$ cat structure16.pdb   # PDB, C-alpha atoms
MODEL        1
ATOM      1  CA  MET A   5      28.812  -0.644   3.566
ATOM      2  CA  PRO A   6      27.094  -2.446   0.674
ATOM      3  CA  SER A   7      27.218  -0.728  -2.688
ATOM      4  CA  LYS A   8      24.249  -0.024  -4.926
ATOM      5  CA  GLN A   9      25.311  -3.076  -6.872
ATOM      6  CA  SER A  10      24.559  -5.235  -3.835
ATOM      7  CA  THR A  11      21.074  -3.691  -3.498
ATOM      8  CA  ASP A  12      20.506  -4.423  -7.173
ATOM      9  CA  ASN A  13      21.619  -7.996  -6.524
ATOM     10  CA  TYR A  14      19.167  -8.323  -3.619
ATOM     11  CA  ARG A  15      16.384  -7.112  -5.878
ATOM     12  CA  ALA A  16      17.377  -9.363  -8.791
ATOM     13  CA  ALA A  17      17.576 -12.398  -6.528
ATOM     14  CA  ALA A  18      14.182 -11.630  -4.986
ATOM     15  CA  LEU A  19      12.561 -11.214  -8.400
ATOM     16  CA  LYS A  20      14.094 -14.501  -9.542
ATOM     17  CA  ARG A  21      12.752 -16.322  -6.478
ATOM     18  CA  ALA A  22       9.298 -14.857  -7.060
ATOM     19  CA  ALA A  23       9.303 -16.047 -10.680
ATOM     20  CA  ALA A  24      10.212 -19.562  -9.550
ATOM     21  CA  ARG A  25       7.639 -19.705  -6.764
ATOM     22  CA  LYS A  26       5.143 -22.554  -7.049
ATOM     23  CA  PRO A  27       1.608 -21.747  -8.194
ATOM     24  CA  GLY A  28      -0.541 -21.013  -5.179
ATOM     25  CA  ALA A  29       2.330 -19.680  -3.083
ATOM     26  CA  THR A  30       2.109 -16.188  -1.619
ATOM     27  CA  THR A  31       3.470 -13.381  -3.772
ATOM     28  CA  LEU A  32       3.879  -9.699  -2.939
ATOM     29  CA  VAL A  33       3.197  -7.408  -5.915
ATOM     30  CA  MET A  34       4.259  -3.762  -5.744
ATOM     31  CA  LEU A  35       1.601  -2.212  -7.967
ATOM     32  CA  GLY A  36       2.401   1.414  -7.177
ATOM     33  CA  THR A  37       5.343   2.730  -5.157
ATOM     34  CA  GLY A  38       4.947   6.463  -5.661
ATOM     35  CA  MET A  39       4.157   9.516  -3.593
ATOM     36  CA  PRO A  40       1.897  12.537  -4.257
ATOM     37  CA  ARG A  41       4.367  14.114  -6.708
ATOM     38  CA  PRO A  42       3.331  12.779 -10.159
ATOM     39  CA  ASP A  43       5.988  10.439 -11.537
ATOM     40  CA  PRO A  44       5.233   8.438 -14.718
ATOM     41  CA  SER A  45       7.368   5.545 -13.451
ATOM     42  CA  CYS A  46       5.807   5.348  -9.978
ATOM     43  CA  PHE A  47       2.029   5.131  -9.759
ATOM     44  CA  GLY A  48       0.103   5.881  -6.558
ATOM     45  CA  PRO A  49       0.651   3.628  -3.552
ATOM     46  CA  ALA A  50      -0.946   0.222  -3.980
ATOM     47  CA  THR A  51       0.294  -3.219  -2.991
ATOM     48  CA  ALA A  52      -1.197  -6.640  -3.679
ATOM     49  CA  VAL A  53      -0.691  -9.861  -1.777
ATOM     50  CA  VAL A  54      -1.688 -12.887  -3.860
ATOM     51  CA  PHE A  55      -2.255 -16.279  -2.247
ATOM     52  CA  ASP A  56      -3.576 -19.290  -4.155
ATOM     53  CA  GLY A  57      -5.006 -17.002  -6.825
ATOM     54  CA  ARG A  58      -6.764 -14.776  -4.293
ATOM     55  CA  VAL A  59      -5.873 -11.087  -4.467
ATOM     56  CA  PHE A  60      -5.785  -8.781  -1.446
ATOM     57  CA  LEU A  61      -5.176  -5.117  -2.230
ATOM     58  CA  PHE A  62      -3.646  -2.623   0.177
ATOM     59  CA  ASP A  63      -4.316   1.018  -0.692
ATOM     60  CA  ALA A  64      -5.659   2.272  -4.000
ATOM     61  CA  GLY A  65      -3.497   5.066  -5.331
ATOM     62  CA  ALA A  66      -3.810   6.739  -8.717
ATOM     63  CA  GLY A  67      -3.735   4.285 -11.629
ATOM     64  CA  VAL A  68      -4.390   1.213  -9.515
ATOM     65  CA  MET A  69      -6.547  -0.556 -12.097
ATOM     66  CA  ARG A  70      -3.989   0.008 -14.867
ATOM     67  CA  ARG A  71      -1.349  -1.489 -12.601
ATOM     68  CA  MET A  72      -3.622  -4.422 -11.717
ATOM     69  CA  ALA A  73      -3.970  -5.146 -15.432
ATOM     70  CA  ALA A  74      -0.241  -4.722 -16.059
ATOM     71  CA  ALA A  75       0.496  -7.199 -13.264
ATOM     72  CA  GLY A  76      -1.890  -9.754 -14.742
ATOM     73  CA  LEU A  77      -4.267  -9.566 -11.773
ATOM     74  CA  SER A  78      -8.018  -9.782 -12.190
ATOM     75  CA  ILE A  79      -9.624  -6.604 -13.513
ATOM     76  CA  ARG A  80     -12.809  -7.751 -11.796
ATOM     77  CA  GLY A  81     -11.182  -6.755  -8.553
ATOM     78  CA  PRO A  82      -9.596  -8.224  -5.435
ATOM     79  CA  GLU A  83     -11.172 -10.421  -2.802
ATOM     80  CA  ALA A  84     -10.936  -7.342  -0.575
ATOM     81  CA  VAL A  85      -9.247  -3.952  -0.409
ATOM     82  CA  PHE A  86      -7.696  -2.568   2.772
ATOM     83  CA  LEU A  87      -6.975   1.149   3.124
ATOM     84  CA  THR A  88      -4.257   2.310   5.491
ATOM     85  CA  HIS A  89      -5.742   5.808   5.807
ATOM     86  CA  LEU A  90      -7.753   8.277   3.777
ATOM     87  CA  HIS A  91      -5.054  10.602   2.410
ATOM     88  CA  SER A  92      -5.828  11.391  -1.228
ATOM     89  CA  ASP A  93      -2.711   9.756  -2.669
ATOM     90  CA  HIS A  94      -3.788   6.439  -1.115
ATOM     91  CA  THR A  95      -7.427   6.677  -2.228
ATOM     92  CA  LEU A  96      -7.481   8.438  -5.611
ATOM     93  CA  GLY A  97      -7.823   5.026  -7.257
ATOM     94  CA  TYR A  98     -10.668   3.944  -4.985
ATOM     95  CA  PRO A  99     -13.445   5.200  -7.336
ATOM     96  CA  ASP A 100     -11.585   3.507 -10.203
ATOM     97  CA  LEU A 101     -11.488   0.265  -8.235
ATOM     98  CA  ILE A 102     -15.201   0.423  -7.413
ATOM     99  CA  LEU A 103     -16.490   1.336 -10.856
ATOM    100  CA  THR A 104     -14.008  -0.253 -13.250
ATOM    101  CA  THR A 105     -14.211  -3.689 -11.622
ATOM    102  CA  TRP A 106     -18.009  -3.452 -11.920
ATOM    103  CA  VAL A 107     -17.844  -2.431 -15.599
ATOM    104  CA  MET A 108     -15.396  -5.310 -16.167
ATOM    105  CA  GLY A 109     -17.846  -7.852 -14.753
ATOM    106  CA  ARG A 110     -17.853  -7.833 -10.967
ATOM    107  CA  ARG A 111     -21.293  -8.904  -9.725
ATOM    108  CA  GLU A 112     -20.788  -9.012  -5.971
ATOM    109  CA  LYS A 113     -20.253  -6.106  -3.623
ATOM    110  CA  LEU A 114     -16.668  -4.933  -3.286
ATOM    111  CA  GLN A 115     -15.394  -5.720   0.201
ATOM    112  CA  ALA A 116     -13.600  -2.621   1.523
ATOM    113  CA  TYR A 117     -11.869  -2.311   4.886
ATOM    114  CA  GLY A 118     -10.586   0.925   6.324
ATOM    115  CA  PRO A 119     -10.610   3.522   9.089
ATOM    116  CA  ARG A 120     -13.588   5.534  10.219
ATOM    117  CA  GLY A 121     -14.647   7.854   7.414
ATOM    118  CA  LEU A 122     -14.509   5.202   4.693
ATOM    119  CA  LYS A 123     -18.298   4.767   4.731
ATOM    120  CA  LYS A 124     -18.758   8.496   4.216
ATOM    121  CA  MET A 125     -16.156   8.575   1.427
ATOM    122  CA  THR A 126     -17.776   5.612  -0.328
ATOM    123  CA  LYS A 127     -21.241   7.143  -0.093
ATOM    124  CA  HIS A 128     -20.024  10.368  -1.714
ATOM    125  CA  ILE A 129     -18.148   8.513  -4.474
ATOM    126  CA  LEU A 130     -21.280   6.604  -5.458
ATOM    127  CA  ALA A 131     -23.304   9.831  -5.337
ATOM    128  CA  ALA A 132     -20.770  11.595  -7.560
ATOM    129  CA  TRP A 133     -21.070   8.883 -10.218
ATOM    130  CA  ASP A 134     -24.817   8.397  -9.782
ATOM    131  CA  GLU A 135     -25.604   9.427 -13.383
ATOM    132  CA  ASP A 136     -22.966   7.075 -14.758
ATOM    133  CA  ILE A 137     -24.337   4.205 -12.681
ATOM    134  CA  HIS A 138     -27.891   4.761 -13.904
ATOM    135  CA  VAL A 139     -26.826   4.990 -17.559
ATOM    136  CA  ARG A 140     -24.810   1.778 -17.325
ATOM    137  CA  ILE A 141     -27.695  -0.086 -15.675
ATOM    138  CA  ASP A 142     -30.634   1.359 -17.615
ATOM    139  CA  GLY A 143     -28.883   1.886 -20.955
ATOM    140  CA  LEU A 144     -27.678  -0.625 -23.494
ATOM    141  CA  GLU A 145     -24.756  -1.822 -21.352
ATOM    142  CA  ARG A 146     -27.214  -3.684 -19.100
ATOM    143  CA  GLN A 147     -24.805  -3.723 -16.162
ATOM    144  CA  THR A 148     -25.762  -5.568 -12.990
ATOM    145  CA  THR A 149     -27.563  -3.679 -10.248
ATOM    146  CA  THR A 150     -25.248  -5.072  -7.555
ATOM    147  CA  GLY A 151     -21.678  -4.959  -8.868
ATOM    148  CA  TYR A 152     -21.077  -1.255  -8.206
ATOM    149  CA  LYS A 153     -22.008  -1.557  -4.528
ATOM    150  CA  VAL A 154     -19.490  -1.657  -1.686
ATOM    151  CA  ASP A 155     -19.670  -3.454   1.636
ATOM    152  CA  VAL A 156     -17.622  -1.151   3.878
ATOM    153  CA  HIS A 157     -16.017  -2.454   7.071
ATOM    154  CA  GLU A 158     -14.665   0.263   9.355
ATOM    155  CA  PHE A 159     -12.370  -0.901  12.139
ATOM    156  CA  ASP A 160     -10.125   0.281  14.937
ATOM    157  CA  ALA A 161      -7.330  -2.312  15.252
ATOM    158  CA  GLY A 162      -6.683  -6.027  15.560
ATOM    159  CA  VAL A 163      -7.632  -8.894  13.277
ATOM    160  CA  VAL A 164      -9.881  -7.492  10.543
ATOM    161  CA  TYR A 165      -9.931 -10.459   8.144
ATOM    162  CA  ASP A 166      -9.468 -14.183   8.779
ATOM    163  CA  LYS A 167     -10.672 -16.540   6.075
ATOM    164  CA  ASP A 168      -9.411 -19.721   4.423
ATOM    165  CA  GLY A 169      -5.815 -19.381   5.545
ATOM    166  CA  VAL A 170      -5.402 -15.616   5.218
ATOM    167  CA  ARG A 171      -5.294 -13.521   8.365
ATOM    168  CA  ILE A 172      -4.961  -9.727   8.145
ATOM    169  CA  THR A 173      -4.278  -7.657  11.237
ATOM    170  CA  ALA A 174      -4.615  -3.867  11.385
ATOM    171  CA  ILE A 175      -1.741  -2.157  13.189
ATOM    172  CA  PRO A 176      -2.417   1.348  14.579
ATOM    173  CA  VAL A 177       0.309   3.756  13.464
ATOM    174  CA  GLU A 178       1.089   7.445  13.988
ATOM    175  CA  HIS A 179       0.699   9.591  10.886
ATOM    176  CA  GLY A 180       0.784  13.190  11.994
ATOM    177  CA  CYS A 181      -2.639  14.625  12.835
ATOM    178  CA  TRP A 182      -4.649  11.784  11.286
ATOM    179  CA  LYS A 183      -6.970  10.400  13.942
ATOM    180  CA  GLN A 184      -6.709   6.925  12.453
ATOM    181  CA  ALA A 185      -3.980   5.385  10.316
ATOM    182  CA  PHE A 186      -2.935   1.765  10.034
ATOM    183  CA  GLY A 187      -0.363  -0.645   8.777
ATOM    184  CA  PHE A 188      -1.246  -4.272   8.078
ATOM    185  CA  ARG A 189       0.254  -7.650   8.859
ATOM    186  CA  ILE A 190      -0.686 -10.399   6.420
ATOM    187  CA  ASP A 191      -0.202 -14.029   7.441
ATOM    188  CA  THR A 192      -0.716 -16.893   4.995
ATOM    189  CA  PRO A 193       0.340 -20.534   5.336
ATOM    190  CA  ASP A 194       3.734 -19.774   3.739
ATOM    191  CA  ARG A 195       4.488 -16.065   4.272
ATOM    192  CA  SER A 196       4.317 -13.233   6.779
ATOM    193  CA  ILE A 197       4.300  -9.658   5.449
ATOM    194  CA  VAL A 198       3.954  -6.293   7.152
ATOM    195  CA  ILE A 199       2.977  -3.178   5.171
ATOM    196  CA  SER A 200       3.637  -0.076   7.249
ATOM    197  CA  GLY A 201       1.300   2.391   5.606
ATOM    198  CA  ASP A 202       2.273   6.018   6.186
ATOM    199  CA  THR A 203       3.761   6.470   9.625
ATOM    200  CA  ARG A 204       6.440   8.033  11.737
ATOM    201  CA  PRO A 205       8.473   5.518  13.782
ATOM    202  CA  THR A 206       5.901   3.484  15.690
ATOM    203  CA  GLU A 207       6.526   0.787  18.293
ATOM    204  CA  ALA A 208       3.492  -1.147  17.047
ATOM    205  CA  ILE A 209       5.204  -1.684  13.681
ATOM    206  CA  VAL A 210       8.344  -2.965  15.395
ATOM    207  CA  GLU A 211       6.341  -5.468  17.419
ATOM    208  CA  ALA A 212       4.221  -6.625  14.463
ATOM    209  CA  SER A 213       7.301  -7.012  12.240
ATOM    210  CA  ARG A 214       9.523  -9.106  14.493
ATOM    211  CA  GLY A 215      10.988 -11.880  12.357
ATOM    212  CA  VAL A 216       8.527 -11.486   9.473
ATOM    213  CA  ASP A 217       9.504 -12.626   6.009
ATOM    214  CA  THR A 218       9.088  -9.147   4.509
ATOM    215  CA  LEU A 219       8.640  -5.663   5.928
ATOM    216  CA  VAL A 220       7.377  -3.140   3.369
ATOM    217  CA  HIS A 221       7.968   0.314   4.807
ATOM    218  CA  GLU A 222       7.677   3.914   3.650
ATOM    219  CA  VAL A 223      10.822   6.056   3.900
ATOM    220  CA  TYR A 224      12.379   9.431   3.174
ATOM    221  CA  PRO A 225      16.083  10.441   3.086
ATOM    222  CA  HIS A 226      16.884  12.367   6.263
ATOM    223  CA  THR A 227      19.255  14.650   4.323
ATOM    224  CA  GLN A 228      16.344  16.098   2.364
ATOM    225  CA  ALA A 229      14.086  17.072   5.253
ATOM    226  CA  LEU A 230      14.970  20.756   4.804
ATOM    227  CA  PRO A 231      12.924  23.976   4.597
ATOM    228  CA  GLU A 232      11.660  24.662   1.073
ATOM    229  CA  LEU A 233      10.937  27.872  -0.829
ATOM    230  CA  ARG A 234       7.180  27.425  -1.241
ATOM    231  CA  ILE A 235       4.000  28.028   0.711
ATOM    232  CA  GLY A 236       4.313  25.991   3.889
ATOM    233  CA  GLY A 237       7.856  24.993   2.991
ATOM    234  CA  GLU A 238       9.273  26.400   6.199
ATOM    235  CA  VAL A 239       7.594  23.621   8.237
ATOM    236  CA  TRP A 240       8.558  20.793   5.851
ATOM    237  CA  PRO A 241      11.112  19.279   8.270
ATOM    238  CA  THR A 242       8.526  19.269  11.061
ATOM    239  CA  TYR A 243       5.923  17.736   8.759
ATOM    240  CA  MET A 244       8.259  14.944   7.692
ATOM    241  CA  GLY A 245       9.187  14.130  11.271
ATOM    242  CA  ASP A 246       5.551  13.990  12.380
ATOM    243  CA  PHE A 247       4.129  12.104   9.402
ATOM    244  CA  HIS A 248       6.883   9.888   7.990
ATOM    245  CA  THR A 249       9.951   7.742   8.728
ATOM    246  CA  SER A 250      13.491   8.652   7.729
ATOM    247  CA  ASP A 251      16.040   6.179   6.396
ATOM    248  CA  LEU A 252      17.989   6.412   9.673
ATOM    249  CA  GLU A 253      14.842   5.757  11.713
ATOM    250  CA  LEU A 254      13.857   2.871   9.467
ATOM    251  CA  GLY A 255      17.281   1.330   9.988
ATOM    252  CA  VAL A 256      16.643   1.351  13.738
ATOM    253  CA  ILE A 257      13.147  -0.126  13.281
ATOM    254  CA  ALA A 258      14.413  -2.928  11.058
ATOM    255  CA  ALA A 259      17.401  -3.635  13.335
ATOM    256  CA  LEU A 260      14.985  -4.139  16.227
ATOM    257  CA  ALA A 261      12.371  -6.131  14.288
ATOM    258  CA  LYS A 262      14.849  -8.162  12.217
ATOM    259  CA  PRO A 263      12.665  -8.921   9.174
ATOM    260  CA  LYS A 264      14.214 -11.320   6.697
ATOM    261  CA  ARG A 265      13.848  -8.684   3.977
ATOM    262  CA  LEU A 266      13.182  -4.944   4.003
ATOM    263  CA  VAL A 267      11.409  -3.399   1.010
ATOM    264  CA  LEU A 268      11.357   0.392   0.648
ATOM    265  CA  HIS A 269       8.386   2.039  -1.055
ATOM    266  CA  HIS A 270       6.382   5.287  -1.070
ATOM    267  CA  ILE A 271       9.718   7.098  -1.015
ATOM    268  CA  VAL A 272       9.389  10.820  -0.379
ATOM    269  CA  ARG A 273      12.402  12.203  -2.181
ATOM    270  CA  HIS A 274      13.511  14.826  -4.632
ATOM    271  CA  GLY A 275      16.460  13.420  -6.493
ATOM    272  CA  SER A 276      18.191  11.239  -3.900
ATOM    273  CA  ASP A 277      19.435   7.909  -5.207
ATOM    274  CA  ASP A 278      19.172   4.415  -3.822
ATOM    275  CA  ASP A 279      22.682   4.539  -2.393
ATOM    276  CA  GLU A 280      21.712   7.379  -0.088
ATOM    277  CA  LEU A 281      18.669   5.538   1.212
ATOM    278  CA  LEU A 282      20.681   2.372   1.764
ATOM    279  CA  ALA A 283      23.404   4.288   3.596
ATOM    280  CA  GLY A 284      20.784   5.773   5.925
ATOM    281  CA  VAL A 285      19.203   2.372   6.649
ATOM    282  CA  ARG A 286      22.645   0.855   7.320
ATOM    283  CA  ALA A 287      23.595   3.749   9.582
ATOM    284  CA  GLY A 288      20.428   3.041  11.563
ATOM    285  CA  GLY A 289      21.686  -0.472  12.219
ATOM    286  CA  TYR A 290      19.921  -2.869   9.840
ATOM    287  CA  LYS A 291      22.290  -5.270   8.072
ATOM    288  CA  GLY A 292      19.841  -7.537   6.246
ATOM    289  CA  PRO A 293      18.686  -7.446   2.603
ATOM    290  CA  VAL A 294      17.257  -4.076   1.529
ATOM    291  CA  ILE A 295      15.365  -3.566  -1.729
ATOM    292  CA  VAL A 296      14.203  -0.267  -3.173
ATOM    293  CA  ALA A 297      10.929  -1.316  -4.806
ATOM    294  CA  GLN A 298       9.847  -0.376  -8.298
ATOM    295  CA  ASP A 299       6.339  -0.563  -9.730
ATOM    296  CA  LEU A 300       5.309  -4.112 -10.715
ATOM    297  CA  ASP A 301       8.101  -5.788  -8.753
ATOM    298  CA  ARG A 302       7.171  -9.213  -7.363
ATOM    299  CA  PHE A 303       8.689 -10.658  -4.216
TER     300      PHE A 303
ENDMDL
END
$ encode --input "structure16.pdb" --output "structure tokens"
Amino acid sequence: MPSKQSTDNYRAAALKRAAARKPGATTLVMLGTGMPRPDPSCFGPATAVVFDGRVFLFDAGAGVMRRMAAAGLSIRGPEAVFLTHLHSDHTLGYPDLILTTWVMGRREKLQAYGPRGLKKMTKHILAAWDEDIHVRIDGLERQTTTGYKVDVHEFDAGVVYDKDGVRITAIPVEHGCWKQAFGFRIDTPDRSIVISGDTRPTEAIVEASRGVDTLVHEVYPHTQALPELRIGGEVWPTYMGDFHTSDLELGVIAALAKPKRLVLHHIVRHGSDDDELLAGVRAGGYKGPVIVAQDLDRF
């Protein structure tokens, strides 16, 4: 079984390849890899795919705009944002994305893609900041009257974006009692990437990920899915099984799909180390490169 040193080597090699990639080539940027528990080193879930200078953002967790700036991506916003589902940890940065990119100079409507309910969420966000919007437009800032607006595209599944060499396909996944949750497959002229979103093991992810260059998947260590001494803690194991994917289950998924690289993110854990996660993935059957992502990694 590979040691942690080998996982570190996988990560170091991937970062080195990303640094040497030609301008215009597709790069995966792990803006935020965290979970709901506040961790100063892991911001809320957010991932960028950059192709030929064009930025596509997937999820908008807490601190997304700070991470966009830290990664050297445009603070005027992405070409489009795609939300996997409407859980708070994946959308807390959505108001920040809307308003900060406008304040920083965005003039066109933000293009936002997501499940049913995103229009309602967006409407309420703009209503909540209505006073701010009026002050910025009518006061001395003289902000544009269009840049704060959002063009919301709600979808069910299938190809949701196909423009100038970038095709993005929404993959329906199973995330507990959420009526709609999605992963995404991103195809560019030089890369194929699947981002799982939050999901329990789902056949649709296996099928979408077969042979892709990179599979970015959420994970939790199966050893830690235990009852907890807190309100609702007694059903924690059931919750994890219904809403998320264990390291053992992810090993099975990756062994079936055979991606060229597996990147772990949005790790639900309380103290487990990378060795434990790797051991679980290996026990599930996947033998390829595995990387435990950190914020601002580039692959």
$ atom_distance --input "structure16.pdb" --atom1 "CA of Arg111 in chain A" --atom2 "CA of Leu144 in chain A"
17.3 Å
$ closest_atom_pairs --input "structure16.pdb" --of "range 14-60 of chain A" --to "range 284-303 of chain A" --cutoff "9 Å" --atoms "only C-alpha atoms" --output "Markdown table"
| residue | atom | partner | partner_atom | distance |
| --- | --- | --- | --- | --- |
| A:Tyr14 | CA | A:Pro293 | CA | 6.3 |
| A:Arg15 | CA | A:Ile295 | CA | 5.6 |
| A:Ala18 | CA | A:Phe303 | CA | 5.6 |
| A:Leu19 | CA | A:Phe303 | CA | 5.7 |
| A:Lys20 | CA | A:Phe303 | CA | 8.5 |
| A:Arg21 | CA | A:Phe303 | CA | 7.3 |
| A:Ala22 | CA | A:Phe303 | CA | 5.1 |
| A:Ala23 | CA | A:Arg302 | CA | 7.9 |
| A:Thr30 | CA | A:Phe303 | CA | 9.0 |
| A:Thr31 | CA | A:Phe303 | CA | 5.9 |
| A:Leu32 | CA | A:Phe303 | CA | 5.1 |
| A:Val33 | CA | A:Arg302 | CA | 4.6 |
| A:Met34 | CA | A:Leu300 | CA | 5.1 |
| A:Leu35 | CA | A:Leu300 | CA | 5.0 |
| A:Gly36 | CA | A:Asp299 | CA | 5.1 |
| A:Thr37 | CA | A:Asp299 | CA | 5.7 |
| A:Gly38 | CA | A:Asp299 | CA | 8.2 |
| A:Ser45 | CA | A:Asp299 | CA | 7.2 |
| A:Cys46 | CA | A:Asp299 | CA | 5.9 |
| A:Phe47 | CA | A:Asp299 | CA | 7.1 |
$ resolve_selection --input "structure16.pdb" --expression "the PyMOL selection byres ((chain A and resi 73) around 12)" --output "list in words"
Leu35, Gly67, Val68, Met69, Arg70, Arg71, Met72, Ala74, Ala75, Gly76, Leu77, Ser78, Ile79, Arg80, Gly81, Pro82, Leu101, Thr104, Thr105, Met108 and Leu300 of chain A
$ closest_residue --input "structure16.pdb" --among "A:Leu90, A:Val216, A:Ala66, A:Val54" --to "Val198 in chain A" --atoms "only C-alpha atoms"
A:Val216
$ closest_residue --input "structure16.pdb" --among "A:Thr51, A:Thr203, A:Asn13, A:Thr149" --to "Glu112 in chain A" --atoms "only C-alpha atoms"
A:Thr149
$ atom_distance --input "structure16.pdb" --atom1 "CA of Tyr224 in chain A" --atom2 "CA of Val272 in chain A"
4.8 Å
$ atom_distance --input "structure16.pdb" --atom1 "CA of Arg189 in chain A" --atom2 "CA of Lys153 in chain A"
26.7 Å
$ residues_around --input "structure16.pdb" --residues "Cys181 in chain A" --least-positions-apart "3" --cutoff "9 Å" --atoms "only C-alpha atoms" --output "list in words"
Glu178, Gln184, Asp246 and Phe247 of chain A
$ closest_residue --input "structure16.pdb" --among "A:Tyr152, A:Ala261, A:Pro42, A:Val53" --to "Asp191 in chain A" --atoms "all atoms listed in the file"
A:Val53
$ closest_residue --input "structure16.pdb" --among "A:Leu260, A:Val85, A:Val164, A:Leu230" --to "Glu207 in chain A" --atoms "only C-alpha atoms"
A:Leu260
$ axis_aligned_box --input "structure16.pdb" --around "range 227-239 of chain A" --padding-each-side "4 Å" --output "lines of an AutoDock Vina configuration file"
center_x = 11.6
center_y = 21.3
center_z = 3.5
size_x = 23.3
size_y = 21.4
size_z = 17.5
$ closest_residue --input "structure16.pdb" --among "A:Gly187, A:Gly169, A:Gly109, A:Pro193" --to "Thr150 in chain A" --atoms "only C-alpha atoms"
A:Gly109
$ residues_around --input "structure16.pdb" --residues "Pro241 in chain A" --least-positions-apart "6" --cutoff "10 Å" --atoms "only C-alpha atoms" --output "list in words"
His226, Gln228, Ala229, Leu230, Pro231 and Glu232 of chain A
$ closest_residue --input "structure16.pdb" --among "A:Leu87, A:Ile190, A:Val267, A:Val107" --to "Glu222 in chain A" --atoms "all atoms listed in the file"
A:Val267
$ resolve_selection --input "structure16.pdb" --expression "the PyMOL selection byres ((chain A and resi 168) around 12)" --output "list in words"
Phe55, Asp56, Arg58, Glu83, Tyr165, Asp166, Lys167, Gly169, Val170, Arg171, Ile172, Asp191, Thr192 and Pro193 of chain A
$ resolve_selection --input "structure16.pdb" --expression "the PyMOL selection byres ((chain A and resi 123-138) around 8)" --output "JSON, numbers by chain"
{"A": [99, 120, 121, 122, 139, 140, 141, 142, 143, 152, 154, 156, 157, 158]}
$ residues_around --input "structure16.pdb" --residues "Phe86 in chain A" --least-positions-apart "3" --cutoff "7 Å" --atoms "only C-alpha atoms" --output "number ranges by chain"
A: 61-63, 116-118
$ write_last_selection --input "structure16.pdb" --atoms "C-alpha atoms" --output "short mmCIF file (atom, residue, chain, number, x, y, z; two decimals), in the coordinates of the input"
data_model
loop_
_atom_site.label_atom_id
_atom_site.label_comp_id
_atom_site.auth_asym_id
_atom_site.auth_seq_id
_atom_site.Cartn_x
_atom_site.Cartn_y
_atom_site.Cartn_z
CA LEU A 61 -5.18 -5.12 -2.23
CA PHE A 62 -3.65 -2.62 0.18
CA ASP A 63 -4.32 1.02 -0.69
CA ALA A 116 -13.60 -2.62 1.52
CA TYR A 117 -11.87 -2.31 4.89
CA GLY A 118 -10.59 0.92 6.32
#
